file run.csv (CSV, C-alpha atoms)
chain,number,residue,atom,x,y,z
A,22,MET,CA,93.8,-5.6,-99.6
A,23,GLU,CA,96.3,-8.3,-100.2
A,24,THR,CA,96.4,-7.4,-103.9
A,25,ALA,CA,96.9,-3.6,-103.1
A,26,MET,CA,99.7,-4.4,-100.7
A,27,THR,CA,101.4,-6.7,-103.3
A,28,SER,CA,101.2,-4.1,-106.0
A,29,ARG,CA,102.7,-1.5,-103.6
A,30,GLU,CA,105.5,-3.9,-102.8
A,31,GLY,CA,106.2,-4.2,-106.5
A,32,ALA,CA,106.2,-0.4,-107.0
A,33,ALA,CA,108.4,0.5,-104.0
A,34,GLY,CA,110.1,-2.7,-103.0
A,35,GLY,CA,110.2,-5.8,-105.1
A,36,SER,CA,111.4,-4.2,-108.4
A,37,ASP,CA,113.6,-1.6,-106.6
A,38,LEU,CA,116.9,-3.2,-107.5
A,39,LEU,CA,120.2,-1.6,-106.5
A,40,SER,CA,122.8,-1.9,-109.4
A,41,PHE,CA,126.4,-1.1,-109.4
A,42,GLY,CA,129.7,-2.7,-110.4
A,43,GLY,CA,127.9,-4.9,-112.9
A,44,ARG,CA,125.7,-6.5,-110.3
A,45,SER,CA,122.2,-6.0,-109.0
A,46,PHE,CA,120.9,-6.5,-105.5
A,47,LYS,CA,117.4,-6.9,-104.1
A,48,SER,CA,118.6,-6.4,-100.6
A,49,ARG,CA,120.0,-3.1,-99.6
A,50,LEU,CA,121.6,-4.5,-96.4
A,51,PHE,CA,125.2,-5.6,-96.8
A,52,LEU,CA,126.7,-7.5,-93.9
A,53,GLY,CA,130.1,-8.0,-92.5
A,54,THR,CA,131.2,-11.4,-91.1
A,55,GLY,CA,133.5,-10.3,-88.2
A,56,LYS,CA,132.9,-10.9,-84.5
A,57,PHE,CA,130.2,-13.6,-84.9
A,58,SER,CA,130.3,-16.2,-82.1
A,59,SER,CA,130.2,-19.2,-84.5
A,60,PRO,CA,129.8,-20.1,-88.1
A,61,GLU,CA,126.3,-21.3,-87.3
A,62,VAL,CA,125.2,-18.0,-85.9
A,63,LEU,CA,126.7,-16.3,-89.0
A,64,ARG,CA,124.9,-18.6,-91.3
A,65,GLU,CA,121.5,-18.0,-89.6
A,66,ALA,CA,122.0,-14.3,-89.4
A,67,VAL,CA,123.0,-13.9,-93.1
A,68,GLY,CA,120.2,-16.2,-94.1
A,69,ILE,CA,117.4,-14.5,-92.3
A,70,SER,CA,118.7,-11.0,-93.3
A,71,GLY,CA,118.3,-11.7,-97.0
A,72,SER,CA,121.6,-9.9,-97.6
A,73,GLU,CA,123.2,-10.7,-100.9
A,74,LEU,CA,126.6,-9.1,-100.5
A,75,ILE,CA,128.8,-10.2,-97.6
A,76,THR,CA,132.3,-9.0,-96.7
A,77,VAL,CA,135.3,-11.1,-95.9
A,78,ALA,CA,139.0,-10.1,-95.2
A,79,VAL,CA,142.2,-11.5,-96.7
A,80,ARG,CA,144.8,-12.9,-94.4
A,81,ARG,CA,147.8,-15.2,-94.4
A,82,THR,CA,146.1,-18.5,-93.9
A,83,SER,CA,146.6,-20.5,-90.7
A,84,LEU,CA,148.1,-23.7,-91.9
A,85,GLY,CA,146.3,-26.7,-90.6
A,86,GLY,CA,143.2,-24.9,-89.3
A,87,GLY,CA,141.0,-22.9,-91.7
A,88,ASP,CA,138.3,-20.2,-91.3
A,89,SER,CA,134.9,-21.5,-92.4
A,90,THR,CA,133.5,-18.1,-93.3
A,91,LEU,CA,133.9,-18.6,-97.0
A,92,ALA,CA,132.3,-22.1,-96.9
A,93,VAL,CA,129.3,-20.7,-95.1
A,94,LEU,CA,128.8,-17.9,-97.7
A,95,ARG,CA,129.2,-20.4,-100.6
A,96,GLU,CA,126.6,-22.6,-99.0
A,97,LEU,CA,124.2,-19.6,-98.7
A,98,GLY,CA,125.0,-18.5,-102.3
A,99,THR,CA,125.6,-14.9,-101.5
A,100,ALA,CA,128.0,-12.7,-103.4
A,101,VAL,CA,131.3,-12.2,-101.5
A,102,LEU,CA,132.9,-8.8,-101.1
A,103,PRO,CA,136.5,-9.0,-100.1
A,104,ASN,CA,138.0,-6.1,-98.3
A,105,THR,CA,141.5,-4.8,-97.9
A,106,ALA,CA,141.3,-4.3,-94.2
A,107,GLY,CA,144.7,-4.3,-92.5
A,108,ALA,CA,146.3,-2.3,-95.4
A,109,ARG,CA,148.2,0.6,-94.0
A,110,ASP,CA,148.8,2.3,-97.3
A,111,ALA,CA,147.9,2.3,-101.0
A,112,ARG,CA,150.6,-0.3,-101.9
A,113,GLU,CA,149.3,-2.8,-99.3
A,114,ALA,CA,145.7,-2.2,-100.3
A,115,VAL,CA,146.5,-2.9,-104.0
A,116,PHE,CA,148.3,-6.0,-103.1
A,117,ALA,CA,145.4,-7.2,-100.9
A,118,ALA,CA,143.0,-6.5,-103.7
A,119,SER,CA,145.1,-8.5,-106.1
A,120,LEU,CA,145.2,-11.5,-103.7
A,121,ALA,CA,141.4,-11.3,-103.2
A,122,ARG,CA,140.7,-11.2,-107.0
A,123,GLU,CA,143.0,-14.2,-107.5
A,124,ALA,CA,141.4,-16.1,-104.6
A,125,LEU,CA,137.8,-15.4,-105.4
A,126,GLY,CA,137.7,-14.5,-109.1
A,127,THR,CA,135.7,-11.4,-108.3
A,128,ASP,CA,136.6,-7.9,-109.5
A,129,LEU,CA,134.6,-6.3,-106.6
A,130,ILE,CA,136.8,-4.9,-103.8
A,131,LYS,CA,135.9,-3.0,-100.7
A,132,LEU,CA,138.9,-0.7,-100.4
A,133,GLU,CA,139.9,0.0,-96.8
A,134,VAL,CA,143.1,1.8,-95.8
A,135,HIS,CA,143.3,2.6,-92.1
A,136,PRO,CA,146.7,2.9,-90.6
A,137,ASP,CA,145.5,4.0,-87.2
A,138,PRO,CA,144.3,1.0,-85.0
A,139,ARG,CA,142.8,3.2,-82.3
A,140,TYR,CA,140.0,4.8,-84.4
A,141,LEU,CA,140.4,2.8,-87.7
A,142,LEU,CA,139.7,6.0,-89.6
A,143,PRO,CA,140.4,5.6,-93.3
A,144,ASP,CA,143.4,7.5,-94.8
A,145,PRO,CA,141.9,9.6,-97.5
A,146,VAL,CA,145.1,10.3,-99.4
A,147,GLU,CA,146.1,6.6,-99.6
A,148,THR,CA,142.5,5.5,-100.3
A,149,LEU,CA,142.2,7.8,-103.3
A,150,LYS,CA,145.7,6.8,-104.6
A,151,ALA,CA,144.7,3.1,-104.3
A,152,ALA,CA,141.3,3.7,-105.9
A,153,GLU,CA,143.0,5.2,-109.0
A,154,ILE,CA,145.3,2.3,-109.4
A,155,LEU,CA,142.6,-0.4,-108.8
A,156,VAL,CA,140.2,1.2,-111.2
A,157,ARG,CA,142.9,1.3,-113.9
A,158,ASP,CA,143.5,-2.4,-113.1
A,159,GLY,CA,139.9,-3.3,-113.8
A,160,PHE,CA,138.5,-3.5,-110.3
A,161,GLN,CA,135.0,-2.4,-109.3
A,162,VAL,CA,136.1,-0.3,-106.3
A,163,MET,CA,133.9,0.3,-103.3
A,164,PRO,CA,135.9,2.7,-101.1
A,165,TYR,CA,135.4,2.9,-97.4
A,166,CYS,CA,136.0,6.6,-96.7
A,167,GLN,CA,135.5,9.6,-94.5
A,168,ALA,CA,132.1,11.2,-94.8
A,169,ASP,CA,133.8,14.0,-96.8
A,170,PRO,CA,131.8,15.3,-99.7
A,171,VAL,CA,134.9,16.5,-101.6
A,172,LEU,CA,136.7,13.2,-101.1
A,173,CYS,CA,133.6,11.3,-102.2
A,174,ARG,CA,133.5,13.3,-105.4
A,175,ARG,CA,137.2,12.6,-106.1
A,176,LEU,CA,136.6,8.9,-105.5
A,177,GLU,CA,133.7,9.0,-107.9
A,178,GLU,CA,135.7,10.9,-110.5
A,179,ALA,CA,138.5,8.3,-110.1
A,180,GLY,CA,135.9,5.7,-111.3
A,181,CYS,CA,134.8,4.0,-108.1
A,182,CYS,CA,131.4,2.2,-108.6
A,183,CYS,CA,130.1,3.5,-105.3
A,184,VAL,CA,131.3,5.4,-102.2
A,185,MET,CA,131.1,4.1,-98.6
A,186,PRO,CA,131.3,7.0,-96.2
A,187,LEU,CA,131.4,6.1,-92.5
A,188,ALA,CA,128.6,7.0,-90.1
A,189,ALA,CA,130.9,6.7,-87.1
A,190,PRO,CA,134.2,4.8,-86.4
A,191,ILE,CA,134.1,1.1,-87.1
A,192,GLY,CA,132.5,-1.0,-84.4
A,193,THR,CA,131.4,2.0,-82.2
A,194,ASN,CA,127.6,1.5,-82.8
A,195,ARG,CA,127.2,5.3,-82.4
A,196,GLY,CA,125.0,5.8,-85.4
A,197,LEU,CA,124.9,8.7,-87.9
A,198,VAL,CA,127.4,10.9,-86.3
A,199,THR,CA,128.3,12.3,-89.7
A,200,ARG,CA,124.7,12.9,-90.7
A,201,GLU,CA,125.2,16.4,-92.1
A,202,MET,CA,128.1,15.4,-94.3
A,203,ILE,CA,126.3,12.3,-95.5
A,204,ALA,CA,123.4,14.5,-96.6
A,205,ILE,CA,125.7,16.6,-98.7
A,206,ILE,CA,127.3,13.5,-100.2
A,207,LEU,CA,123.9,12.1,-101.1
A,208,GLU,CA,123.0,15.4,-102.7
A,209,GLN,CA,126.1,15.4,-104.9
A,210,ALA,CA,126.8,11.8,-105.7
A,211,SER,CA,125.9,10.2,-108.9
A,212,VAL,CA,127.1,6.7,-107.8
A,213,PRO,CA,125.4,4.8,-105.1
A,214,VAL,CA,126.2,5.9,-101.5
A,215,VAL,CA,126.5,3.0,-99.1
A,216,VAL,CA,126.7,4.1,-95.5
A,217,ASP,CA,129.2,2.0,-93.7
A,218,ALA,CA,130.6,1.6,-90.2
A,219,GLY,CA,129.2,2.7,-86.9
A,220,LEU,CA,125.5,2.0,-87.5
A,221,GLY,CA,124.6,0.5,-84.1
A,222,ALA,CA,120.8,0.1,-84.2
A,223,PRO,CA,118.1,-0.6,-86.9
A,224,SER,CA,116.8,3.0,-86.4
A,225,HIS,CA,120.3,4.3,-87.5
A,226,ALA,CA,120.1,2.2,-90.7
A,227,ALA,CA,116.5,3.3,-91.3
A,228,ALA,CA,117.5,6.9,-90.9
A,229,ALA,CA,120.4,6.5,-93.5
A,230,MET,CA,118.0,4.9,-95.9
A,231,GLU,CA,115.3,7.6,-95.4
A,232,MET,CA,118.0,10.1,-96.3
A,233,GLY,CA,118.5,8.4,-99.6
A,234,ALA,CA,121.4,6.1,-99.0
A,235,ALA,CA,121.5,3.3,-101.6
A,236,ALA,CA,122.4,0.7,-99.0
A,237,VAL,CA,124.1,0.2,-95.6
A,238,LEU,CA,126.8,-2.1,-94.5
A,239,VAL,CA,126.5,-3.4,-90.9
A,240,ASN,CA,128.6,-5.8,-89.0
A,241,THR,CA,129.3,-5.2,-85.3
A,242,ALA,CA,125.8,-4.2,-84.4
A,243,VAL,CA,124.5,-7.5,-85.6
A,244,ALA,CA,127.3,-9.7,-84.5
A,245,VAL,CA,127.5,-8.5,-80.9
A,246,ALA,CA,123.8,-8.3,-80.3
A,247,GLY,CA,122.2,-10.4,-77.6
A,248,ASP,CA,120.5,-12.4,-80.4
A,249,PRO,CA,122.4,-11.7,-83.6
A,250,VAL,CA,119.9,-13.6,-85.8
A,251,ALA,CA,117.0,-11.6,-84.6
A,252,MET,CA,119.0,-8.4,-84.9
A,253,ALA,CA,119.9,-9.3,-88.5
A,254,LEU,CA,116.2,-9.5,-89.3
A,255,ALA,CA,115.6,-6.2,-87.4
A,256,PHE,CA,118.2,-4.5,-89.6
A,257,ALA,CA,116.7,-6.0,-92.7
A,258,GLU,CA,113.3,-4.7,-91.8
A,259,ALA,CA,114.6,-1.3,-90.9
A,260,VAL,CA,116.5,-1.0,-94.2
A,261,ARG,CA,113.3,-2.0,-96.1
A,262,ALA,CA,111.2,0.5,-94.1
A,263,GLY,CA,113.8,3.3,-94.6
A,264,ARG,CA,114.0,2.7,-98.3
A,265,ARG,CA,110.3,2.6,-98.7
A,266,ALA,CA,110.0,5.9,-96.7
A,267,TYR,CA,112.6,7.5,-99.0
A,268,LEU,CA,110.7,6.4,-102.1
A,269,ALA,CA,107.4,7.5,-100.6
A,270,GLY,CA,108.8,11.0,-100.0
A,271,LEU,CA,109.0,12.2,-96.4
A,272,GLY,CA,106.8,15.1,-95.3
A,273,ARG,CA,108.4,18.5,-94.6
A,274,SER,CA,109.4,19.2,-91.0
A,275,SER,CA,108.4,22.4,-89.4
A,276,THR,CA,108.9,24.2,-86.1
A,277,ARG,CA,105.2,25.3,-86.0
A,278,ALA,CA,102.3,23.0,-85.3
A,279,SER,CA,100.0,22.2,-88.1
A,280,ALA,CA,96.6,20.7,-87.0
A,281,THR,CA,95.7,17.3,-88.3
A,282,SER,CA,92.2,17.5,-86.8
A,283,ALA,CA,89.7,20.4,-87.0
A,284,VAL,CA,89.7,20.8,-83.3
A,285,GLU,CA,88.8,24.5,-83.2
A,286,ASN,CA,85.8,24.1,-85.4
A,287,PHE,CA,84.5,21.3,-83.3
A,288,LEU,CA,84.7,23.5,-80.1
A,289,ARG,CA,82.9,26.4,-81.8
A,290,ASP,CA,80.1,24.2,-83.1
A,291,GLN,CA,79.7,22.9,-79.5
A,292,GLU,CA,79.4,26.5,-78.2
A,293,ALA,CA,76.9,27.5,-80.9
A,294,GLY,CA,74.8,24.5,-80.1
A,295,ALA,CA,74.8,25.1,-76.4
B,17,MET,CA,165.5,-26.8,-99.1
B,18,ASN,CA,164.6,-24.3,-96.5
B,19,ILE,CA,162.0,-21.6,-97.2
B,20,ILE,CA,160.0,-19.2,-95.2
B,21,LEU,CA,156.4,-20.3,-95.2
B,22,ASN,CA,153.9,-17.8,-93.8
B,23,GLY,CA,156.6,-16.2,-91.8
B,24,GLU,CA,158.1,-19.4,-90.4
B,25,ARG,CA,161.1,-21.5,-91.4
B,26,HIS,CA,160.0,-24.5,-93.3
B,27,GLU,CA,161.9,-27.4,-94.7
B,28,THR,CA,160.4,-28.8,-97.9
B,29,GLY,CA,161.1,-31.4,-100.6
B,30,SER,CA,158.9,-29.5,-103.0
B,31,ARG,CA,160.7,-28.1,-106.0
B,32,THR,CA,157.8,-26.0,-107.3
B,33,LEU,CA,155.1,-23.8,-105.6
B,34,GLY,CA,152.5,-26.2,-107.0
B,35,ASP,CA,154.2,-29.1,-105.2
B,36,LEU,CA,154.4,-27.1,-102.0
B,37,LEU,CA,150.6,-26.4,-102.2
B,38,ARG,CA,150.0,-30.1,-102.6
B,39,GLU,CA,152.3,-30.8,-99.7
B,40,GLN,CA,150.2,-28.4,-97.5
B,41,GLY,CA,146.9,-29.8,-98.6
B,42,ILE,CA,145.8,-26.5,-100.1
B,43,LEU,CA,144.7,-27.7,-103.5
B,44,SER,CA,141.3,-29.3,-104.2
B,45,PRO,CA,141.2,-32.8,-105.7
B,46,ASP,CA,140.7,-31.2,-109.1
B,47,GLY,CA,143.8,-29.1,-108.6
B,48,THR,CA,142.0,-25.8,-108.1
B,49,ALA,CA,142.5,-23.5,-105.1
B,50,PHE,CA,139.3,-21.5,-104.7
B,51,GLY,CA,139.6,-19.0,-101.8
B,52,TYR,CA,143.4,-19.1,-101.8
B,53,ALA,CA,146.1,-16.8,-103.2
B,54,PHE,CA,149.8,-17.2,-103.2
B,55,SER,CA,152.8,-14.9,-103.2
B,56,VAL,CA,156.5,-15.6,-103.4
B,57,ASN,CA,158.8,-12.9,-102.1
B,58,GLN,CA,155.8,-10.5,-101.9
B,59,ARG,CA,154.8,-11.0,-105.5
B,60,LEU,CA,151.5,-12.7,-106.4
B,61,VAL,CA,151.9,-16.0,-108.3
B,62,PRO,CA,148.6,-16.9,-110.1
B,63,ARG,CA,147.4,-20.5,-109.4
B,64,GLU,CA,147.9,-21.4,-113.1
B,65,GLN,CA,151.6,-20.5,-112.8
B,66,ALA,CA,152.2,-22.4,-109.5
B,67,ASP,CA,153.1,-25.7,-111.1
B,68,SER,CA,155.9,-24.2,-113.2
B,69,PHE,CA,157.1,-21.8,-110.5
B,70,GLU,CA,160.4,-23.2,-109.2
B,71,LEU,CA,161.2,-22.4,-105.6
B,72,SER,CA,164.6,-21.3,-104.4
B,73,GLU,CA,166.4,-21.6,-101.1
B,74,GLY,CA,165.2,-18.9,-98.7
B,75,ASP,CA,162.1,-17.9,-100.7
B,76,GLU,CA,159.4,-16.3,-98.7
B,77,VAL,CA,156.2,-18.0,-99.6
B,78,ASP,CA,152.8,-16.8,-98.3
B,79,ILE,CA,149.5,-18.5,-98.6
B,80,PHE,CA,146.5,-16.3,-98.2
B,81,SER,CA,142.8,-17.1,-97.6
B,82,MET,CA,139.6,-15.5,-96.7
B,83,VAL,CA,138.7,-14.9,-93.1
B,84,ALA,CA,135.8,-13.2,-91.3
B,85,GLY,CA,135.8,-9.5,-91.5
B,86,GLY,CA,133.7,-6.4,-92.1
call {"tool": "encode", "arguments": {"input": "run.csv", "output": "structure tokens"}}
result
Amino acid sequence: METAMTSREGAAGGSDLLSFGGRSFKSRLFLGTGKFSSPEVLREAVGISGSELITVAVRRTSLGGGDSTLAVLRELGTAVLPNTAGARDAREAVFAASLAREALGTDLIKLEVHPDPRYLLPDPVETLKAAEILVRDGFQVMPYCQADPVLCRRLEEAGCCCVMPLAAPIGTNRGLVTREMIAIILEQASVPVVVDAGLGAPSHAAAAMEMGAAAVLVNTAVAVAGDPVAMALAFAEAVRAGRRAYLAGLGRSSTRASATSAVENFLRDQEAGA
Amino acid sequence: MNIILNGERHETGSRTLGDLLREQGILSPDGTAFGYAFSVNQRLVPREQADSFELSEGDEVDIFSMVAGG
């Protein structure tokens, strides 16, 4: 039994690497580092999740008192994914990406351009413009974007190494609000689709993975949970389960019942015997 | 000389960006600055150019680092 399980793990899990941007990942859960109550909680949550790609933001440093996020991630040995959050247009995003590459020596960049602080929705025009510039400049661009199948195609054509459509606005924990559009994006994309933003529960992440998402990125739902460490593990398990279900092939859904037990035959046999 | 450092007026004896970074304790003992990036007047200055980058009166110097974020 143990052997059979192990071989199934190998077929559907262990060797199921996600590759893009010149890197490979065993874990399909990416985590953000915002809103954690302490560096210790962040360290434990990232550690237990098994996540190998963790986001950070670029800011003017506060002189005399640093942020320990990067030190925590270096200690854990995870890959760091800088983002351009805070950029209001393509020019600012390109500048932030250049700073991140200089600071970390990585060509991976999570491109975020959201000028509106109320909903933090990404500006599709400026995002595409920045993506084109950054790809030309040698970046591996991971654009956070609207769940717009046409935009995702354009970003892919621009040379982005994946697309990151939103499930719901950042930090809302509302789940796969854009489910129908994500389904079209998944059908069309030939780069990995990483569902980002708004996933509020492990079941949301599992659902995205069952649909065929390559990975999910979660931050708020873990960081603000009653027990962020336990929630990080719950998300990791949900992502693994969702991925496995996708690989296994979900059964068709139907509006009509389809018996799983031969109930009618059993009753007839009873009558015949009486 | 007076410069603007991270948005605030700052008086410094440093003649180069590299000296300013040393003054601010940004550089590691080996002279590297992993996790940091620098700009002068909104233009990125790579770490390897900081020691030869001469500062001028009124320059706007910004030091960037990584913070928590999604």
call {"tool": "atom_distance", "arguments": {"input": "run.csv", "atom1": "atom CA of Gly159 of chain A", "atom2": "atom CA of Phe41 of chain A"}}
result
14.4 Å
call {"tool": "atom_distance", "arguments": {"input": "run.csv", "atom1": "atom CA of Leu197 of chain A", "atom2": "atom CA of Ser40 of chain A"}}
result
24.1 Å
call {"tool": "residues_near_point", "arguments": {"input": "run.csv", "point": "(157.1, -23.1, -107.8)", "cutoff": "7 Å", "atoms": "all atoms listed in the file", "output": "VMD selection string"}}
result
chain B and resid 31 to 34 66 to 71
call {"tool": "closest_atom_pairs", "arguments": {"input": "run.csv", "of": "chain A", "to": "chain B", "cutoff": "10 Å", "atoms": "only C-alpha atoms", "output": "CSV"}}
result
residue,atom,partner,partner_atom,distance
A:Phe51,CA,B:Gly86,CA,9.7
A:Leu52,CA,B:Gly86,CA,7.3
A:Gly53,CA,B:Gly86,CA,4.0
A:Thr54,CA,B:Ala84,CA,4.9
A:Gly55,CA,B:Gly85,CA,4.1
A:Lys56,CA,B:Gly85,CA,7.7
A:Phe57,CA,B:Ala84,CA,8.5
A:Pro60,CA,B:Ala84,CA,9.7
A:Leu63,CA,B:Ala84,CA,9.9
A:Ile75,CA,B:Gly86,CA,8.3
A:Thr76,CA,B:Gly86,CA,5.5
A:Val77,CA,B:Gly85,CA,4.7
A:Ala78,CA,B:Gly85,CA,4.9
A:Val79,CA,B:Met82,CA,4.8
A:Arg80,CA,B:Phe80,CA,5.4
A:Arg81,CA,B:Phe80,CA,4.2
A:Thr82,CA,B:Phe80,CA,4.8
A:Ser83,CA,B:Asn22,CA,8.4
A:Leu84,CA,B:Gln40,CA,7.6
A:Gly85,CA,B:Gln40,CA,8.1
A:Gly87,CA,B:Val83,CA,8.4
A:Asp88,CA,B:Val83,CA,5.6
A:Ser89,CA,B:Val83,CA,7.6
A:Thr90,CA,B:Ala84,CA,5.8
A:Leu91,CA,B:Met82,CA,6.5
A:Ala92,CA,B:Gly51,CA,9.3
A:Leu102,CA,B:Gly86,CA,9.3
A:Pro103,CA,B:Met82,CA,8.0
A:Asn104,CA,B:Gly86,CA,7.6
A:Thr105,CA,B:Gly85,CA,9.8
A:Ala106,CA,B:Gly85,CA,8.0
A:Phe116,CA,B:Leu60,CA,8.1
A:Ala117,CA,B:Phe80,CA,9.6
A:Ser119,CA,B:Leu60,CA,7.7
A:Leu120,CA,B:Ala53,CA,5.4
A:Ala121,CA,B:Ala53,CA,7.2
A:Arg122,CA,B:Ala53,CA,8.7
A:Glu123,CA,B:Ala53,CA,5.9
A:Ala124,CA,B:Gly51,CA,4.4
A:Leu125,CA,B:Gly51,CA,5.4
A:Gly126,CA,B:Phe50,CA,8.4
A:Lys131,CA,B:Gly86,CA,9.5
A:Ile191,CA,B:Gly86,CA,9.0
A:Gly192,CA,B:Gly86,CA,9.5
A:Asp217,CA,B:Gly86,CA,9.7
A:Ala218,CA,B:Gly86,CA,8.8
A:Leu238,CA,B:Gly86,CA,8.5
A:Val239,CA,B:Gly86,CA,7.9
A:Asn240,CA,B:Gly86,CA,6.0
A:Thr241,CA,B:Gly86,CA,8.2
call {"tool": "atom_distance", "arguments": {"input": "run.csv", "atom1": "atom CA of Lys47 of chain A", "atom2": "atom CA of Cys166 of chain A"}}
result
24.1 Å
call {"tool": "residues_around", "arguments": {"input": "run.csv", "residues": "segment 221-232 of chain A", "least_positions_apart": "3", "cutoff": "6 Å", "atoms": "all atoms listed in the file", "output": "list in words"}}
result
Asn194, Arg195, Gly196, Ala242, Phe256, Ala259, Val260, Gly263, Arg264, Ala266 and Tyr267 of chain A
call {"tool": "residues_around", "arguments": {"input": "run.csv", "residues": "Leu129 of chain A", "least_positions_apart": "5", "cutoff": "7 Å", "atoms": "all atoms listed in the file", "output": "PyMOL selection string"}}
result
chain A and resi 102+160-162
